[in-house]
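Asks: There's a structure below that I have some questions on.
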Amino acid sequence: MFTLTVLSICFLAAISCKIKKVKAPVITQLMWYFHLSMLFFSVLCVILLIAGYGFKGTYTERVFFTFYAGSAIILYGLTQPEVTGKRVYLAAFYCFPFVLAAGLLLPPLRTLAVIMGLGLLSDAKLERYRIDDDFALQTKTIDIIDRHPTFSLVQDKYYLFEKITSDVIMPEKNILAVKMEKRGKDSVWLRLNMVEETGKGAKLDTTLSLYR
């Protein structure tokens with residue numbers, strides 16, 4: 001709920017600034033600097049994700065995207081009501097909740113609006129299981145969309161970044177426990193204790209290559 005909480009606070013702050021007609025040029029200028037820096041990091045995150053990389057940390061990209069959108073919403077409340085390119089740009093972020101609500105009322109757009117709404121509501125649950133100093137196994141679960149976790153192999157790269165290989169295994173069952181043991185320098189033995197939808201227990205033993 002991190003994204004929804006931050007964006008809600010920013011939206012309420014923007015409404016308050018509009019109602020009180022706040023004029024704070026210094027704060028507005030500083031907020032623009034912050035917004036542009038978040039824009040830079042957000043674009044960098046997209047480029048890295050396309051290449052299969054990311055910043056270190058489990059929620060780093062989501063934090064950048066959230067603060068990028070949230071700062072734009074606040075800036076809309078701080079800017080003067082003039083028809084300019086900046087104003088239209090910021091209005092796209094501020095009006096998003098209204099567009100989403102309108103999409104829910106229109107049958108052709110309802111599915112898209114629901115998917116976007118769930119994306120804001122559902123912060124994925126991420127867990128990492130350390131293999132060694134350079135590798136970790138990451139599980140990602142989005143309860144609202146799919147209860148079954150996806151597994152990715154994470155490798156440290158270039159001090160600030162990490163390489164992410166998605167869907168290294170796809171058990172499609174509920175995971176109870178994960179046990180790992182490194183075998184040599186380039187592989188790891190993995191055992192998953194799982195439970196099926198019927199409640200019956202299951203196990204999976206496999207070996208993963210660390211270099212892909």
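We name chains A, B, ... following the order of the structure tokens; residues begin at 1 in each chain, and ligands are numbered from 1 as shown.
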DSSP on the backbone, then: every residue of chain A marked strand (DSSP E or B), written as a ChimeraX atom specification.
Replies: /A:53-55,125-130,135-142,146-157,161-166,174-183,187-195,201-209
Asks: Could you make a table, as JSON lines, of the residues of stretch 74-146 of chain A that have an atom within 12 Å of an atom of stretch 29-36 of chain A, each with its nearest atom pair and distance in Å to one decimal, counting only C-alpha atoms, in chain and number order?
Replies:
{"residue": "A:Ile74", "atom": "CA", "partner": "A:Met31", "partner_atom": "CA", "distance": 8.3}
{"residue": "A:Leu75", "atom": "CA", "partner": "A:Met31", "partner_atom": "CA", "distance": 6.9}
{"residue": "A:Tyr76", "atom": "CA", "partner": "A:Trp32", "partner_atom": "CA", "distance": 10.7}
{"residue": "A:Gly77", "atom": "CA", "partner": "A:Met31", "partner_atom": "CA", "distance": 11.5}
{"residue": "A:Leu78", "atom": "CA", "partner": "A:Met31", "partner_atom": "CA", "distance": 9.5}
{"residue": "A:Thr79", "atom": "CA", "partner": "A:Gln29", "partner_atom": "CA", "distance": 10.2}
{"residue": "A:Lys86", "atom": "CA", "partner": "A:Trp32", "partner_atom": "CA", "distance": 10.7}
{"residue": "A:Leu90", "atom": "CA", "partner": "A:His35", "partner_atom": "CA", "distance": 10.8}
Asks: Set the distance at 10 Å and use only C-alpha atoms: which residues neighbour stretch 8-18 of chain A once local chain neighbours fewer than 4 positions away are removed? I'd like the list as a PyMOL selection string.
Replies: chain A and resi 2-4+22-24+67+69-81+93-95+97
Asks: Under the rule that only C-alpha atoms are counted, which of A:Phe96, A:Val88, A:Leu7, A:Pro108 is the nearest residue to A:Tyr68?
Replies: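 Of all the options, A:Leu7 lies closest to A:Tyr68.
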Asks: Between atom CA of A:Lys20 and atom CA of A:Val99, what distance in Å does the model show, to one decimal?
Replies: 24.4 Å
Asks: Skipping near chain neighbours, those fewer than 6 positions away, what residues fall within 10 Å of A:Gly201 using only C-alpha atoms, listed as a list in words?
Replies: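 Contacts, with the query itself left out: Lys173, Asn174, Ile175, Leu176, Asn193, Met194 and Val195 of chain A.
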Asks: Could the residues in this selection be written to a file with C-alpha atoms, as a PDB file, in the first residue's frame?
Replies:
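File written: out_2.pdb
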ATOM      1  CA  LYS A 173       1.829 -23.637  -5.949  1.00  0.00           C
ATOM      2  CA  ASN A 174       1.832 -22.025  -2.526  1.00  0.00           C
ATOM      3  CA  ILE A 175       5.339 -22.061  -1.037  1.00  0.00           C
ATOM      4  CA  LEU A 176       5.820 -23.107   2.586  1.00  0.00           C
ATOM      5  CA  ASN A 193       8.142 -27.363   0.225  1.00  0.00           C
ATOM      6  CA  MET A 194       4.766 -26.504  -1.270  1.00  0.00           C
ATOM      7  CA  VAL A 195       1.064 -27.059  -0.814  1.00  0.00           C
TER       8      VAL A 195
END
Asks: Set the distance at 10 Å and use only C-alpha atoms: which residues neighbour A:Gly117 once local chain neighbours fewer than 4 positions away are removed? I'd like the list as a list in words.
Replies: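 Non-adjacent residues within range: Leu4, Pro97, Leu100, Ala101, Leu104, Thr111, Leu112, Ala113, Leu121 and Ser122 of chain A.
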Asks: Please identify every residue of stretch 49-125 of chain A that has at least one atom no farther than 6 Å from an atom of stretch 145-165 of chain A, counting only C-alpha atoms, and for each give the shortest atom pair and the distance in Å to one decimal, arranged by chain then increasing number, as a tab-separated table.
Replies:
residue	atom	partner	partner_atom	distance
A:Gly52	CA	A:Ile164	CA	5.6
A:Tyr53	CA	A:Lys163	CA	4.4
A:Gly54	CA	A:Glu162	CA	5.5
A:Phe55	CA	A:Phe161	CA	4.4
A:Lys56	CA	A:Phe161	CA	5.1
Asks: Quick one: residues within 10 Å of A:Val43, only C-alpha atoms counted, chain neighbours fewer than 6 positions away excluded, as a PyMOL selection string?
Replies: chain A and resi 49+64-65
Asks: Using only C-alpha atoms, please write the residues we just selected to a file, as a PDB file, in the first residue's frame.
Replies:
ATOM      1  CA  LEU A  49      14.306  -2.983 -16.603  1.00  0.00           C
ATOM      2  CA  PHE A  64      11.266   6.357  -7.737  1.00  0.00           C
ATOM      3  CA  PHE A  65       8.058   6.013  -9.785  1.00  0.00           C
TER       4      PHE A  65
END
Asks: For A:Val188, please output as JSON, numbers by chain all residues within 9 Å (counting only C-alpha atoms; exclusion window: fewer than 5 positions along the same chain).
Replies: {"A": [131, 180, 181, 182, 183, 206, 207, 208, 209, 210]}
Asks: Just all heavy atoms for this one: save the residues we selected as an mmCIF file, in the first residue's frame.
Replies:
data_model
loop_
_atom_site.group_PDB
_atom_site.id
_atom_site.type_symbol
_atom_site.label_atom_id
_atom_site.label_comp_id
_atom_site.auth_asym_id
_atom_site.auth_seq_id
_atom_site.Cartn_x
_atom_site.Cartn_y
_atom_site.Cartn_z
ATOM 1 N N ILE A 131 22.184 -16.614 -1.527
ATOM 2 C CA ILE A 131 22.948 -17.776 -1.975
ATOM 3 C C ILE A 131 24.417 -17.594 -1.615
ATOM 4 O O ILE A 131 25.036 -18.460 -1.016
ATOM 5 C CB ILE A 131 22.784 -17.981 -3.494
ATOM 6 C CG1 ILE A 131 21.303 -18.262 -3.822
ATOM 7 C CG2 ILE A 131 23.670 -19.128 -3.974
ATOM 8 C CD1 ILE A 131 21.011 -18.352 -5.296
ATOM 9 N N MET A 180 18.138 -24.031 0.289
ATOM 10 C CA MET A 180 19.126 -23.967 -0.780
ATOM 11 C C MET A 180 20.487 -24.424 -0.275
ATOM 12 O O MET A 180 20.811 -24.275 0.900
ATOM 13 C CB MET A 180 19.238 -22.541 -1.328
ATOM 14 C CG MET A 180 17.994 -22.016 -2.005
ATOM 15 S SD MET A 180 18.261 -20.373 -2.702
ATOM 16 C CE MET A 180 18.670 -19.449 -1.219
ATOM 17 N N GLU A 181 21.280 -24.924 -1.209
ATOM 18 C CA GLU A 181 22.655 -25.314 -0.914
ATOM 19 C C GLU A 181 23.480 -25.124 -2.181
ATOM 20 O O GLU A 181 23.150 -25.682 -3.234
ATOM 21 C CB GLU A 181 22.730 -26.771 -0.455
ATOM 22 C CG GLU A 181 24.129 -27.223 -0.098
ATOM 23 C CD GLU A 181 24.161 -28.659 0.353
ATOM 24 O OE1 GLU A 181 23.154 -29.120 0.954
ATOM 25 O OE2 GLU A 181 25.172 -29.341 0.102
ATOM 26 N N LYS A 182 24.531 -24.352 -2.075
ATOM 27 C CA LYS A 182 25.343 -24.076 -3.252
ATOM 28 C C LYS A 182 26.160 -25.305 -3.622
ATOM 29 O O LYS A 182 26.772 -25.947 -2.770
ATOM 30 C CB LYS A 182 26.259 -22.878 -3.001
ATOM 31 C CG LYS A 182 26.923 -22.352 -4.259
ATOM 32 C CD LYS A 182 27.674 -21.059 -4.003
ATOM 33 C CE LYS A 182 28.321 -20.554 -5.284
ATOM 34 N NZ LYS A 182 29.115 -19.343 -5.053
ATOM 35 N N ARG A 183 26.182 -25.625 -4.921
ATOM 36 C CA ARG A 183 26.934 -26.766 -5.441
ATOM 37 C C ARG A 183 28.003 -26.243 -6.397
ATOM 38 O O ARG A 183 27.682 -25.802 -7.509
ATOM 39 C CB ARG A 183 25.992 -27.729 -6.178
ATOM 40 C CG ARG A 183 24.875 -28.311 -5.298
ATOM 41 C CD ARG A 183 25.407 -29.392 -4.374
ATOM 42 N NE ARG A 183 24.398 -29.910 -3.478
ATOM 43 C CZ ARG A 183 23.542 -30.880 -3.785
ATOM 44 N NH1 ARG A 183 23.548 -31.423 -4.995
ATOM 45 N NH2 ARG A 183 22.672 -31.310 -2.897
ATOM 46 N N THR A 206 15.419 -29.194 -7.515
ATOM 47 C CA THR A 206 15.993 -28.805 -8.793
ATOM 48 C C THR A 206 17.335 -28.145 -8.568
ATOM 49 O O THR A 206 17.680 -27.759 -7.449
ATOM 50 C CB THR A 206 15.047 -27.861 -9.561
ATOM 51 O OG1 THR A 206 15.568 -27.639 -10.870
ATOM 52 C CG2 THR A 206 14.916 -26.531 -8.837
ATOM 53 N N THR A 207 18.095 -27.998 -9.636
ATOM 54 C CA THR A 207 19.391 -27.323 -9.604
ATOM 55 C C THR A 207 19.360 -26.158 -10.569
ATOM 56 O O THR A 207 18.948 -26.312 -11.730
ATOM 57 C CB THR A 207 20.531 -28.288 -9.994
ATOM 58 O OG1 THR A 207 20.551 -29.394 -9.077
ATOM 59 C CG2 THR A 207 21.877 -27.584 -9.928
ATOM 60 N N LEU A 208 19.781 -24.994 -10.091
ATOM 61 C CA LEU A 208 19.774 -23.790 -10.903
ATOM 62 C C LEU A 208 21.194 -23.384 -11.264
ATOM 63 O O LEU A 208 22.091 -23.414 -10.412
ATOM 64 C CB LEU A 208 19.107 -22.634 -10.168
ATOM 65 C CG LEU A 208 17.633 -22.797 -9.759
ATOM 66 C CD1 LEU A 208 17.170 -21.573 -8.991
ATOM 67 C CD2 LEU A 208 16.760 -23.049 -10.966
ATOM 68 N N SER A 209 21.387 -22.992 -12.507
ATOM 69 C CA SER A 209 22.666 -22.429 -12.918
ATOM 70 C C SER A 209 22.725 -20.978 -12.509
ATOM 71 O O SER A 209 21.756 -20.222 -12.698
ATOM 72 C CB SER A 209 22.834 -22.574 -14.432
ATOM 73 O OG SER A 209 24.001 -21.898 -14.870
ATOM 74 N N LEU A 210 23.851 -20.549 -11.939
ATOM 75 C CA LEU A 210 23.959 -19.179 -11.462
ATOM 76 C C LEU A 210 24.349 -18.198 -12.558
ATOM 77 O O LEU A 210 24.107 -17.003 -12.421
ATOM 78 C CB LEU A 210 24.987 -19.098 -10.331
ATOM 79 C CG LEU A 210 24.639 -19.907 -9.066
ATOM 80 C CD1 LEU A 210 25.741 -19.769 -8.033
ATOM 81 C CD2 LEU A 210 23.309 -19.457 -8.485
#
